[in-house]
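Chemist: Pasting final_8.cif below, which is mmCIF, C-alpha atoms.
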data_input
loop_
_atom_site.label_atom_id
_atom_site.label_comp_id
_atom_site.auth_asym_id
_atom_site.auth_seq_id
_atom_site.Cartn_x
_atom_site.Cartn_y
_atom_site.Cartn_z
CA MET A 988 4.87 -8.92 2.71
CA SER A 989 7.68 -10.81 4.39
CA PRO A 990 10.58 -8.75 5.80
CA PHE A 991 13.04 -11.54 4.96
CA SER A 992 15.24 -11.11 1.90
CA GLY A 993 17.69 -13.26 0.02
CA SER A 994 20.92 -12.35 -1.71
CA ALA A 995 19.63 -9.37 -3.68
CA THR A 996 20.95 -6.01 -2.53
CA ARG A 997 18.92 -2.83 -2.20
CA THR A 998 18.30 -1.02 -5.48
CA GLU A 999 20.20 2.27 -5.42
CA ARG A 1000 18.70 3.81 -8.56
CA TRP A 1001 15.28 3.45 -10.11
CA ARG A 1002 15.23 4.28 -13.80
CA HIS A 1003 11.49 4.78 -14.27
CA LEU A 1004 10.50 6.80 -11.22
CA ARG A 1005 11.93 9.20 -8.65
CA LEU A 1006 12.25 8.14 -5.01
CA THR A 1007 13.08 10.18 -1.92
CA LEU A 1008 13.16 8.86 1.64
CA GLN A 1009 13.01 11.10 4.68
CA ASP A 1010 12.20 10.23 8.29
CA GLY A 1011 10.00 7.27 7.48
CA VAL A 1012 8.19 8.88 4.54
CA ALA A 1013 8.78 7.67 0.98
CA SER A 1014 7.87 9.97 -1.90
CA VAL A 1015 7.52 8.17 -5.23
CA THR A 1016 7.10 10.40 -8.27
CA LEU A 1017 6.17 9.25 -11.76
CA ASP A 1018 8.61 11.29 -13.79
CA ARG A 1019 7.73 11.48 -17.49
CA PRO A 1020 6.09 14.92 -17.55
CA ASP A 1021 6.41 15.25 -21.32
CA LYS A 1022 4.18 12.14 -21.64
CA LEU A 1023 1.84 13.03 -18.76
CA ASN A 1024 3.68 10.31 -16.81
CA ALA A 1025 2.44 7.54 -19.10
CA LEU A 1026 3.51 4.14 -17.82
CA THR A 1027 5.93 1.84 -19.64
CA PHE A 1028 6.75 -1.82 -19.03
CA GLY A 1029 9.72 -0.65 -16.97
CA ALA A 1030 7.63 1.76 -14.89
CA TYR A 1031 5.20 -0.99 -13.92
CA ALA A 1032 8.06 -3.30 -13.00
CA ASP A 1033 9.84 -0.61 -10.99
CA LEU A 1034 6.69 0.15 -8.99
CA ARG A 1035 6.17 -3.54 -8.27
CA ASP A 1036 9.78 -4.08 -7.20
CA LEU A 1037 10.09 -0.84 -5.23
CA LEU A 1038 7.03 -1.60 -3.11
CA ALA A 1039 8.40 -5.06 -2.38
CA GLU A 1040 11.77 -3.63 -1.31
CA LEU A 1041 10.27 -0.96 0.92
CA SER A 1042 7.97 -3.53 2.48
CA ARG A 1043 10.89 -5.79 3.38
CA GLU A 1044 12.99 -2.98 4.83
CA ARG A 1045 10.27 -1.90 7.27
CA SER A 1046 11.80 1.58 7.53
CA VAL A 1047 9.00 3.30 5.63
CA ARG A 1048 5.89 4.28 7.59
CA ALA A 1049 4.00 6.12 4.83
CA LEU A 1050 4.32 6.56 1.07
CA VAL A 1051 3.15 9.37 -1.18
CA LEU A 1052 2.63 8.56 -4.86
CA GLY A 1053 2.52 11.57 -7.17
CA GLY A 1054 3.20 12.69 -10.70
CA GLU A 1055 5.56 15.31 -12.12
CA GLY A 1056 4.29 18.11 -14.33
CA ARG A 1057 0.73 18.73 -15.50
CA GLY A 1058 -0.90 15.51 -14.34
CA PHE A 1059 -0.76 12.45 -12.12
CA CYS A 1060 -0.65 9.68 -14.74
CA SER A 1061 -2.27 9.32 -18.16
CA GLY A 1062 -2.18 5.50 -18.07
CA GLY A 1063 -0.25 3.09 -20.24
CA ASP A 1064 1.89 4.62 -22.97
CA VAL A 1065 0.02 4.21 -26.27
CA ASP A 1066 3.13 3.54 -28.34
CA GLU A 1067 5.34 1.71 -25.86
CA ILE A 1068 2.64 -0.55 -24.40
CA ILE A 1069 -0.47 -0.66 -26.57
CA GLY A 1070 1.55 -0.74 -29.78
CA ALA A 1071 3.90 -3.38 -28.40
CA THR A 1072 1.15 -5.65 -27.09
CA LEU A 1073 -0.33 -6.01 -30.58
CA SER A 1074 2.65 -8.19 -31.52
CA MET A 1075 2.67 -10.31 -28.34
CA ASP A 1076 1.36 -13.85 -28.08
CA THR A 1077 -1.12 -14.93 -25.40
CA ALA A 1078 1.54 -16.06 -22.93
CA GLN A 1079 3.35 -12.72 -23.16
CA LEU A 1080 0.09 -10.81 -22.81
CA LEU A 1081 -0.80 -12.82 -19.73
CA ASP A 1082 2.61 -12.06 -18.20
CA PHE A 1083 2.12 -8.35 -18.83
CA ASN A 1084 -1.39 -8.21 -17.41
CA ARG A 1085 -0.35 -10.20 -14.37
CA MET A 1086 2.48 -7.73 -13.77
CA THR A 1087 0.13 -4.75 -13.78
CA GLY A 1088 -2.09 -6.55 -11.29
CA GLN A 1089 0.93 -7.26 -9.12
CA VAL A 1090 1.49 -3.50 -8.80
CA VAL A 1091 -2.03 -3.06 -7.44
CA ARG A 1092 -1.59 -5.99 -5.07
CA ALA A 1093 1.69 -4.51 -3.87
CA ILE A 1094 -0.03 -1.21 -3.06
CA ARG A 1095 -2.81 -2.98 -1.18
CA GLU A 1096 -0.53 -5.46 0.63
CA CYS A 1097 2.42 -3.25 1.63
CA PRO A 1098 2.53 -2.70 5.42
CA PHE A 1099 2.32 1.09 5.28
CA PRO A 1100 -0.38 3.50 4.12
CA VAL A 1101 -0.14 4.79 0.56
CA ILE A 1102 -1.40 8.26 -0.30
CA ALA A 1103 -2.10 9.22 -3.91
CA ALA A 1104 -1.57 12.95 -4.48
CA VAL A 1105 -3.56 13.64 -7.64
CA HIS A 1106 -3.59 16.70 -9.85
CA GLY A 1107 -4.63 16.91 -13.47
CA VAL A 1108 -5.36 13.66 -15.27
CA ALA A 1109 -5.48 10.23 -13.64
CA ALA A 1110 -6.55 8.01 -16.51
CA GLY A 1111 -6.57 4.30 -17.26
CA ALA A 1112 -3.90 2.60 -15.21
CA GLY A 1113 -3.22 5.94 -13.51
CA ALA A 1114 -6.78 5.98 -12.18
CA VAL A 1115 -6.36 2.44 -10.87
CA LEU A 1116 -3.07 3.29 -9.12
CA ALA A 1117 -4.89 6.10 -7.31
CA LEU A 1118 -7.84 3.79 -6.58
CA ALA A 1119 -5.55 1.20 -4.99
CA ALA A 1120 -4.07 3.75 -2.57
CA ASP A 1121 -5.35 3.99 0.99
CA PHE A 1122 -5.95 7.73 0.66
CA ARG A 1123 -6.67 9.80 -2.43
CA ILE A 1124 -6.03 13.52 -2.05
CA ALA A 1125 -6.85 15.50 -5.16
CA ASP A 1126 -6.87 19.14 -6.05
CA ALA A 1127 -9.56 20.94 -8.02
CA SER A 1128 -7.81 20.23 -11.35
CA ALA A 1129 -8.01 16.44 -10.94
CA ARG A 1130 -10.05 14.25 -13.24
CA PHE A 1131 -10.31 10.47 -13.20
CA ALA A 1132 -11.13 8.29 -16.21
CA PHE A 1133 -11.17 4.49 -16.34
CA LEU A 1134 -10.60 4.32 -20.09
CA PHE A 1135 -10.23 0.58 -20.69
CA THR A 1136 -13.44 0.09 -22.69
CA LYS A 1137 -12.44 3.08 -24.84
CA VAL A 1138 -9.60 0.96 -26.25
CA GLY A 1139 -11.75 -2.14 -26.65
CA LEU A 1140 -10.79 -3.87 -23.39
CA SER A 1141 -12.68 -4.84 -20.27
CA GLY A 1142 -13.22 -2.13 -17.68
CA GLY A 1143 -12.13 -4.67 -15.07
CA ASP A 1144 -8.40 -4.10 -15.50
CA MET A 1145 -5.78 -4.32 -12.74
CA GLY A 1146 -8.42 -5.13 -10.13
CA ALA A 1147 -10.61 -2.11 -10.92
CA ALA A 1148 -13.81 -4.17 -11.00
CA TYR A 1149 -12.95 -5.49 -7.53
CA LEU A 1150 -11.85 -2.25 -5.89
CA LEU A 1151 -14.06 0.43 -7.41
CA PRO A 1152 -17.47 -0.97 -6.33
CA ARG A 1153 -16.12 -1.25 -2.80
CA VAL A 1154 -15.11 2.43 -2.84
CA VAL A 1155 -18.00 4.11 -4.69
CA GLY A 1156 -20.70 1.40 -4.88
CA LEU A 1157 -21.78 -0.85 -7.74
CA GLY A 1158 -23.89 1.75 -9.55
CA HIS A 1159 -21.19 4.39 -9.84
CA ALA A 1160 -18.55 1.74 -10.57
CA THR A 1161 -20.62 0.32 -13.43
CA ARG A 1162 -20.96 3.77 -14.99
CA LEU A 1163 -17.28 4.65 -14.60
CA LEU A 1164 -15.88 1.33 -15.81
CA MET A 1165 -18.35 0.71 -18.63
CA LEU A 1166 -18.58 4.19 -20.14
CA GLY A 1167 -15.05 5.38 -19.39
CA GLU A 1168 -16.20 8.97 -19.03
CA PRO A 1169 -14.05 11.42 -17.03
CA VAL A 1170 -15.04 12.31 -13.48
CA ARG A 1171 -13.88 15.70 -12.29
CA ALA A 1172 -12.77 16.37 -8.74
CA PRO A 1173 -16.07 17.69 -7.30
CA GLU A 1174 -18.02 14.65 -8.53
CA ALA A 1175 -15.22 12.32 -7.44
CA GLU A 1176 -15.55 13.73 -3.94
CA ARG A 1177 -19.35 13.45 -4.02
CA ILE A 1178 -19.35 9.74 -4.91
CA GLY A 1179 -16.65 8.86 -2.39
CA LEU A 1180 -13.72 8.35 -4.71
CA LEU A 1181 -11.67 11.00 -2.88
CA SER A 1182 -10.47 11.04 0.70
CA GLU A 1183 -10.02 14.80 0.51
CA LEU A 1184 -10.45 17.57 -2.06
CA VAL A 1185 -8.07 20.52 -1.76
CA ASP A 1186 -7.48 23.77 -3.61
CA GLU A 1187 -5.64 23.62 -6.91
CA GLY A 1188 -1.90 23.12 -6.45
CA GLN A 1189 -2.24 21.89 -2.86
CA ALA A 1190 -2.49 18.10 -3.29
CA ASP A 1191 1.23 17.43 -2.82
CA ARG A 1192 1.44 19.64 0.28
CA ARG A 1193 -1.62 18.07 1.90
CA ALA A 1194 -0.46 14.54 1.05
CA ALA A 1195 2.92 15.30 2.65
CA GLU A 1196 1.17 16.55 5.79
CA LEU A 1197 -0.92 13.39 6.03
CA ALA A 1198 2.13 11.20 5.39
CA ARG A 1199 3.97 12.94 8.20
CA ARG A 1200 1.05 12.40 10.57
CA LEU A 1201 0.89 8.71 9.65
CA ALA A 1202 4.66 8.24 9.88
CA ASP A 1203 4.66 9.74 13.37
CA GLY A 1204 1.81 7.51 14.52
CA PRO A 1205 1.49 3.87 15.66
CA ALA A 1206 2.86 2.19 12.53
CA LEU A 1207 2.02 -1.38 13.54
CA ALA A 1208 -1.57 -0.43 14.35
CA TYR A 1209 -1.89 1.25 10.95
CA ALA A 1210 -0.34 -1.74 9.18
CA GLN A 1211 -2.74 -4.17 10.83
CA THR A 1212 -5.72 -1.93 10.15
CA LYS A 1213 -4.79 -1.85 6.47
CA ALA A 1214 -4.30 -5.61 6.39
CA LEU A 1215 -7.72 -6.20 7.97
CA LEU A 1216 -9.47 -3.76 5.64
CA THR A 1217 -8.09 -5.68 2.67
CA ALA A 1218 -8.52 -9.20 4.04
CA GLU A 1219 -12.04 -8.75 5.39
CA LEU A 1220 -13.59 -7.41 2.17
CA ASP A 1221 -14.72 -10.92 1.25
CA MET A 1222 -15.06 -12.53 4.68
CA PRO A 1223 -18.26 -13.49 6.46
CA LEU A 1224 -18.81 -11.59 9.71
CA ALA A 1225 -17.87 -14.53 11.94
CA ALA A 1226 -14.48 -14.92 10.28
CA ALA A 1227 -13.90 -11.16 10.33
CA VAL A 1228 -14.58 -10.71 14.05
CA GLU A 1229 -12.35 -13.70 14.83
CA MET A 1230 -9.54 -12.16 12.80
CA ASP A 1231 -10.13 -8.85 14.62
CA ALA A 1232 -9.92 -10.60 17.97
CA ALA A 1233 -6.66 -12.38 17.11
CA THR A 1234 -5.12 -9.15 15.78
CA GLN A 1235 -6.09 -7.14 18.87
CA ALA A 1236 -4.72 -9.83 21.19
CA LEU A 1237 -1.37 -9.65 19.39
CA LEU A 1238 -1.28 -5.85 19.47
CA MET A 1239 -2.20 -5.81 23.17
CA ASN A 1240 1.12 -7.59 23.75
CA GLY A 1241 2.94 -4.85 21.82
CA GLU A 1242 5.06 -1.99 23.07
CA ASP A 1243 2.83 0.71 21.58
CA TYR A 1244 -0.20 -0.45 23.57
CA ALA A 1245 1.77 -0.28 26.82
CA GLU A 1246 3.25 3.06 25.75
CA PHE A 1247 -0.22 4.53 25.29
CA HIS A 1248 -1.15 3.60 28.86
CA ALA A 1249 2.09 5.01 30.23
CA ALA A 1250 1.65 8.23 28.28
CA PHE A 1251 -1.96 8.58 29.37
CA THR A 1252 -1.01 8.05 32.99
CA GLU A 1253 1.87 10.53 32.77
CA LYS A 1254 -0.24 13.03 30.81
CA ARG A 1255 2.15 13.24 27.83
CA PRO A 1256 1.97 12.37 24.11
CA PRO A 1257 2.78 8.74 23.28
CA LYS A 1258 6.19 7.93 21.79
CA TRP A 1259 5.17 5.38 19.19
CA GLN A 1260 7.74 2.74 18.27
CA GLY A 1261 5.81 0.73 15.71
CA ARG A 1262 6.17 -2.40 17.82
#
Could you express the structure from this file as C-alpha cells?

Modeler:
Amino acid sequence: MSPFSGSATRTERWRHLRLTLQDGVASVTLDRPDKLNALTFGAYADLRDLLAELSRERSVRALVLGGEGRGFCSGGDVDEIIGATLSMDTAQLLDFNRMTGQVVRAIRECPFPVIAAVHGVAAGAGAVLALAADFRIADASARFAFLFTKVGLSGGDMGAAYLLPRVVGLGHATRLLMLGEPVRAPEAERIGLLSELVDEGQADRRAAELARRLADGPALAYAQTKALLTAELDMPLAAAVEMDAATQALLMNGEDYAEFHAAFTEKRPPKWQGR
C-alpha cells in the first residue's frame, strides 16, 4: 500500500474495534464479547480502513489481531448482517461482499506481518480473518469453522477458496469449505492451519512475544518477504525468480544489509532500521 495520503487526517477513535499502539506493535481487538465478537458492517469497514491507515503511516512493524471474551470471532452478525442482506438489491450485495474481500486483501497486502491470536471460536468470516493472517497462534480451546455453506452460500467467501488450499492443501480445503464442520486446535495444527499451538489461555501472550520479535527485526526485509509470498502464489518460476532477484538487489542497497555486515564484523547484534 502506498505511504502517500491526501487530506484525510488520522482516525483518533475506532467505534467497532479496540486499537493500542506501542513501540511499533499494533494490537487490534474485536470488542463485542457479548456477541462472540460477531462482525457488523461497521466492523468490516473499520478493519479495512484501519489497515490502510497503518500501512500509510509506516510506524507499525507488526500487528496482533485478537478477540475479547470467550472467543476470537463468530463471523458475521446473524441479525445485523444476514438479516439486513435479505432486503438488499444485487448492487448493494455486491458492494458488501466486495468490502469483506477488501479486508482480506488489506491483511495480505499491508507491509507488516499480521498475527492472529485465536482462542475459542473462529467461525465464518472470523475463520477467514485468521486464515488471511501471516501467523496463526491458537490455544487449545480454539476451533475453526468455515460455515458459509451452512447458511446456503458458497464456501469460497472472502478469498477462502484461494487462500485455504494454499495453506492446508486442496483435499483439506475442500472438506472444510464444503462441509463447514468445525476443526479443533489439534487437528488444525496437524493439517497446517496453525503456525503454533499453545496451552489454553496463552495465545495472546505468545502472539505478543512474536510481534515484539518481528517489530524488533528487519522490517523492510519482512515486508518484502510478505509481498513476495503473496505475489508469487500464481507466478511461473521464471517470473518468481526474476522478482526475487530484483527485490534482493534493492535490499542490498539498503541500510539494514550494510548494518548486518557492520554488526557481524564488530561482533554485536544488528540495529535494524527498517530501511

Chemist: What are the closest atom pairs, with distances in Å to one decimal, for each residue of range 999-1108 of chain A lying within 7 Å of range 1124-1146 of chain A, using only C-alpha atoms, rows by chain and rising residue number, as a tab-separated table?

Modeler:
residue	atom	partner	partner_atom	distance
A:Thr1087	CA	A:Met1145	CA	6.0
A:Gly1088	CA	A:Met1145	CA	4.5
A:Val1091	CA	A:Met1145	CA	6.6
A:Ala1103	CA	A:Ile1124	CA	6.1
A:Ala1104	CA	A:Ile1124	CA	5.1
A:Val1105	CA	A:Ala1125	CA	4.5
A:His1106	CA	A:Ala1129	CA	4.6
A:Gly1107	CA	A:Ala1129	CA	4.2
A:Val1108	CA	A:Arg1130	CA	5.1

Chemist: What gap, in Å, lies between CA of Leu1151 in chain A and CA of Ser1061 in chain A?

Modeler: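 Taking CA of Leu1151 in chain A and CA of Ser1061 in chain A, their separation equals 18.3 Å.
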
Chemist: May I have the residues within 10 Å of range 1194-1208 of chain A as JSON, numbers by chain, using only C-alpha atoms and disregarding those fewer than 2 positions away in the same chain?

Modeler: {"A": [1009, 1010, 1011, 1012, 1013, 1014, 1045, 1047, 1048, 1049, 1050, 1051, 1052, 1053, 1098, 1099, 1100, 1101, 1102, 1103, 1104, 1105, 1122, 1123, 1124, 1125, 1183, 1189, 1190, 1191, 1192, 1210, 1211, 1212, 1213, 1214, 1234, 1235, 1238, 1241, 1243, 1244, 1247, 1257, 1258, 1259, 1260, 1261, 1262]}

Chemist: Distance CA of Leu1181 in chain A-CA of Asp1221 in chain A, one decimal place?

Modeler: 22.5 Å

Chemist: Would you mind listing what lies within 12 Å of Met1230 in chain A as a PyMOL selection string, with only C-alpha atoms counted and same-chain residues fewer than 3 positions away left out?

Modeler: chain A and resi 1211-1212+1214-1216+1218-1219+1222-1227+1233-1237

Chemist: In terms of the shortest atom-to-atom distance over all atoms listed in the file, which of A:Thr998, A:Leu1080, A:Val1185, A:Ile1178 is closest to Arg1162 in chain A?

Modeler: A:Ile1178

Chemist: Which one of A:Asp1033, A:Asp1186, A:Glu1229, A:Glu1096 sits closest to Ala1120 in chain A if you count all atoms listed in the file?

Modeler: A:Glu1096

Chemist: Which of these residues is nearest to Leu1034 in chain A, using all atoms listed in the file: A:Met1086, A:Glu1055, A:Arg1255, A:Val1065?

Modeler: A:Met1086

Chemist: Between A:Trp1001, A:Phe1028, A:Tyr1149, A:Phe1059, which residue has the minimum interatomic distance to Val1090 in chain A, considering all atoms listed in the file?

Modeler: A:Phe1028

Chemist: Which residues fall under the PyMOL selection byres ((chain A and resi 1025) around 9) in this file, as a PDB file with C-alpha atoms, keeping the file's coordinate frame?

Modeler:
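For reference, part03.pdb as written:
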ATOM      1  CA  LEU A1017       6.170   9.250 -11.760  1.00  0.00           C
ATOM      2  CA  ASP A1018       8.610  11.290 -13.790  1.00  0.00           C
ATOM      3  CA  ARG A1019       7.730  11.480 -17.490  1.00  0.00           C
ATOM      4  CA  PRO A1020       6.090  14.920 -17.550  1.00  0.00           C
ATOM      5  CA  ASP A1021       6.410  15.250 -21.320  1.00  0.00           C
ATOM      6  CA  LYS A1022       4.180  12.140 -21.640  1.00  0.00           C
ATOM      7  CA  LEU A1023       1.840  13.030 -18.760  1.00  0.00           C
ATOM      8  CA  ASN A1024       3.680  10.310 -16.810  1.00  0.00           C
ATOM      9  CA  LEU A1026       3.510   4.140 -17.820  1.00  0.00           C
ATOM     10  CA  THR A1027       5.930   1.840 -19.640  1.00  0.00           C
ATOM     11  CA  ALA A1030       7.630   1.760 -14.890  1.00  0.00           C
ATOM     12  CA  CYS A1060      -0.650   9.680 -14.740  1.00  0.00           C
ATOM     13  CA  SER A1061      -2.270   9.320 -18.160  1.00  0.00           C
ATOM     14  CA  GLY A1062      -2.180   5.500 -18.070  1.00  0.00           C
ATOM     15  CA  GLY A1063      -0.250   3.090 -20.240  1.00  0.00           C
ATOM     16  CA  ASP A1064       1.890   4.620 -22.970  1.00  0.00           C
ATOM     17  CA  VAL A1065       0.020   4.210 -26.270  1.00  0.00           C
ATOM     18  CA  ALA A1112      -3.900   2.600 -15.210  1.00  0.00           C
ATOM     19  CA  GLY A1113      -3.220   5.940 -13.510  1.00  0.00           C
TER      20      GLY A1113
END

Chemist: Which is closer to Val1115 in chain A than all the others in A:Leu1184, A:Leu1041, A:Ala1071, A:Val1154, using all atoms listed in the file?

Modeler: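 Ranking A:Leu1184, A:Leu1041, A:Ala1071, A:Val1154 by distance to Val1115 in chain A, first place goes to A:Val1154.
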
Chemist: Write out all heavy atoms for range 1238-1249 of chain A, as a CSV table (one decimal), in the coordinates of the input.

Modeler:
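Just written: rebuild_5.csv:
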chain,number,residue,atom,x,y,z
A,1238,LEU,N,-1.7,-7.2,19.3
A,1238,LEU,CA,-1.3,-5.8,19.5
A,1238,LEU,C,-1.3,-5.5,20.9
A,1238,LEU,O,-0.5,-4.6,21.4
A,1238,LEU,CB,-2.2,-4.9,18.7
A,1238,LEU,CG,-2.0,-5.0,17.2
A,1238,LEU,CD1,-3.1,-4.1,16.5
A,1238,LEU,CD2,-0.6,-4.6,16.7
A,1239,MET,N,-2.2,-6.1,21.7
A,1239,MET,CA,-2.2,-5.8,23.2
A,1239,MET,C,-0.9,-6.3,23.9
A,1239,MET,O,-0.6,-5.8,25.0
A,1239,MET,CB,-3.4,-6.4,23.8
A,1239,MET,CG,-4.7,-5.7,23.5
A,1239,MET,SD,-6.2,-6.5,24.1
A,1239,MET,CE,-7.4,-5.4,23.6
A,1240,ASN,N,-0.2,-7.2,23.2
A,1240,ASN,CA,1.1,-7.6,23.8
A,1240,ASN,C,2.2,-6.7,23.3
A,1240,ASN,O,3.4,-6.9,23.6
A,1240,ASN,CB,1.4,-9.0,23.3
A,1240,ASN,CG,0.9,-10.0,24.3
A,1240,ASN,OD1,1.0,-9.8,25.5
A,1240,ASN,ND2,0.3,-11.1,23.9
A,1241,GLY,N,1.9,-5.7,22.4
A,1241,GLY,CA,2.9,-4.8,21.8
A,1241,GLY,C,3.4,-3.7,22.7
A,1241,GLY,O,2.7,-3.3,23.7
A,1242,GLU,N,4.5,-3.1,22.3
A,1242,GLU,CA,5.1,-2.0,23.1
A,1242,GLU,C,4.2,-0.7,22.9
A,1242,GLU,O,4.1,0.1,23.9
A,1242,GLU,CB,6.5,-1.7,22.6
A,1242,GLU,CG,7.5,-2.8,22.9
A,1242,GLU,CD,8.9,-2.5,22.4
A,1242,GLU,OE1,9.2,-1.3,22.2
A,1242,GLU,OE2,9.7,-3.5,22.2
A,1243,ASP,N,3.6,-0.5,21.8
A,1243,ASP,CA,2.8,0.7,21.6
A,1243,ASP,C,1.6,0.7,22.5
A,1243,ASP,O,1.2,1.8,23.0
A,1243,ASP,CB,2.4,0.8,20.1
A,1243,ASP,CG,3.5,1.4,19.2
A,1243,ASP,OD1,4.6,1.8,19.8
A,1243,ASP,OD2,3.4,1.4,18.0
A,1244,TYR,N,1.0,-0.4,22.7
A,1244,TYR,CA,-0.2,-0.4,23.6
A,1244,TYR,C,0.2,-0.1,25.0
A,1244,TYR,O,-0.5,0.7,25.7
A,1244,TYR,CB,-0.8,-1.9,23.5
A,1244,TYR,CG,-2.1,-2.0,24.2
A,1244,TYR,CD1,-3.2,-1.3,23.8
A,1244,TYR,CD2,-2.2,-2.9,25.3
A,1244,TYR,CE1,-4.5,-1.5,24.4
A,1244,TYR,CE2,-3.4,-3.1,26.0
A,1244,TYR,CZ,-4.6,-2.4,25.5
A,1244,TYR,OH,-5.8,-2.6,26.2
A,1245,ALA,N,1.3,-0.6,25.5
A,1245,ALA,CA,1.8,-0.3,26.8
A,1245,ALA,C,2.2,1.2,26.9
A,1245,ALA,O,2.0,1.9,27.9
A,1245,ALA,CB,2.9,-1.2,27.2
A,1246,GLU,N,2.8,1.7,25.8
A,1246,GLU,CA,3.2,3.1,25.8
A,1246,GLU,C,2.1,4.0,25.8
A,1246,GLU,O,2.1,5.1,26.5
A,1246,GLU,CB,4.0,3.3,24.5
A,1246,GLU,CG,4.3,4.8,24.1
A,1246,GLU,CD,5.1,5.5,25.2
A,1246,GLU,OE1,5.7,4.9,26.1
A,1246,GLU,OE2,5.1,6.8,25.1
A,1247,PHE,N,1.0,3.7,25.2
A,1247,PHE,CA,-0.2,4.5,25.3
A,1247,PHE,C,-0.7,4.7,26.7
A,1247,PHE,O,-0.9,5.8,27.2
A,1247,PHE,CB,-1.4,4.0,24.5
A,1247,PHE,CG,-2.7,4.7,24.9
A,1247,PHE,CD1,-3.0,5.9,24.5
A,1247,PHE,CD2,-3.6,4.0,25.7
A,1247,PHE,CE1,-4.1,6.6,24.9
A,1247,PHE,CE2,-4.7,4.7,26.2
A,1247,PHE,CZ,-5.0,5.9,25.7
A,1248,HIS,N,-0.7,3.5,27.5
A,1248,HIS,CA,-1.2,3.6,28.9
A,1248,HIS,C,-0.2,4.4,29.7
A,1248,HIS,O,-0.6,5.2,30.5
A,1248,HIS,CB,-1.3,2.2,29.4
A,1248,HIS,CG,-1.8,2.2,30.8
A,1248,HIS,ND1,-1.0,2.1,31.9
A,1248,HIS,CD2,-3.1,2.2,31.2
A,1248,HIS,CE1,-1.8,2.1,33.0
A,1248,HIS,NE2,-3.1,2.2,32.6
A,1249,ALA,N,1.1,4.2,29.5
A,1249,ALA,CA,2.1,5.0,30.2
A,1249,ALA,C,2.0,6.5,29.9
A,1249,ALA,O,2.0,7.3,30.8
A,1249,ALA,CB,3.5,4.5,29.9
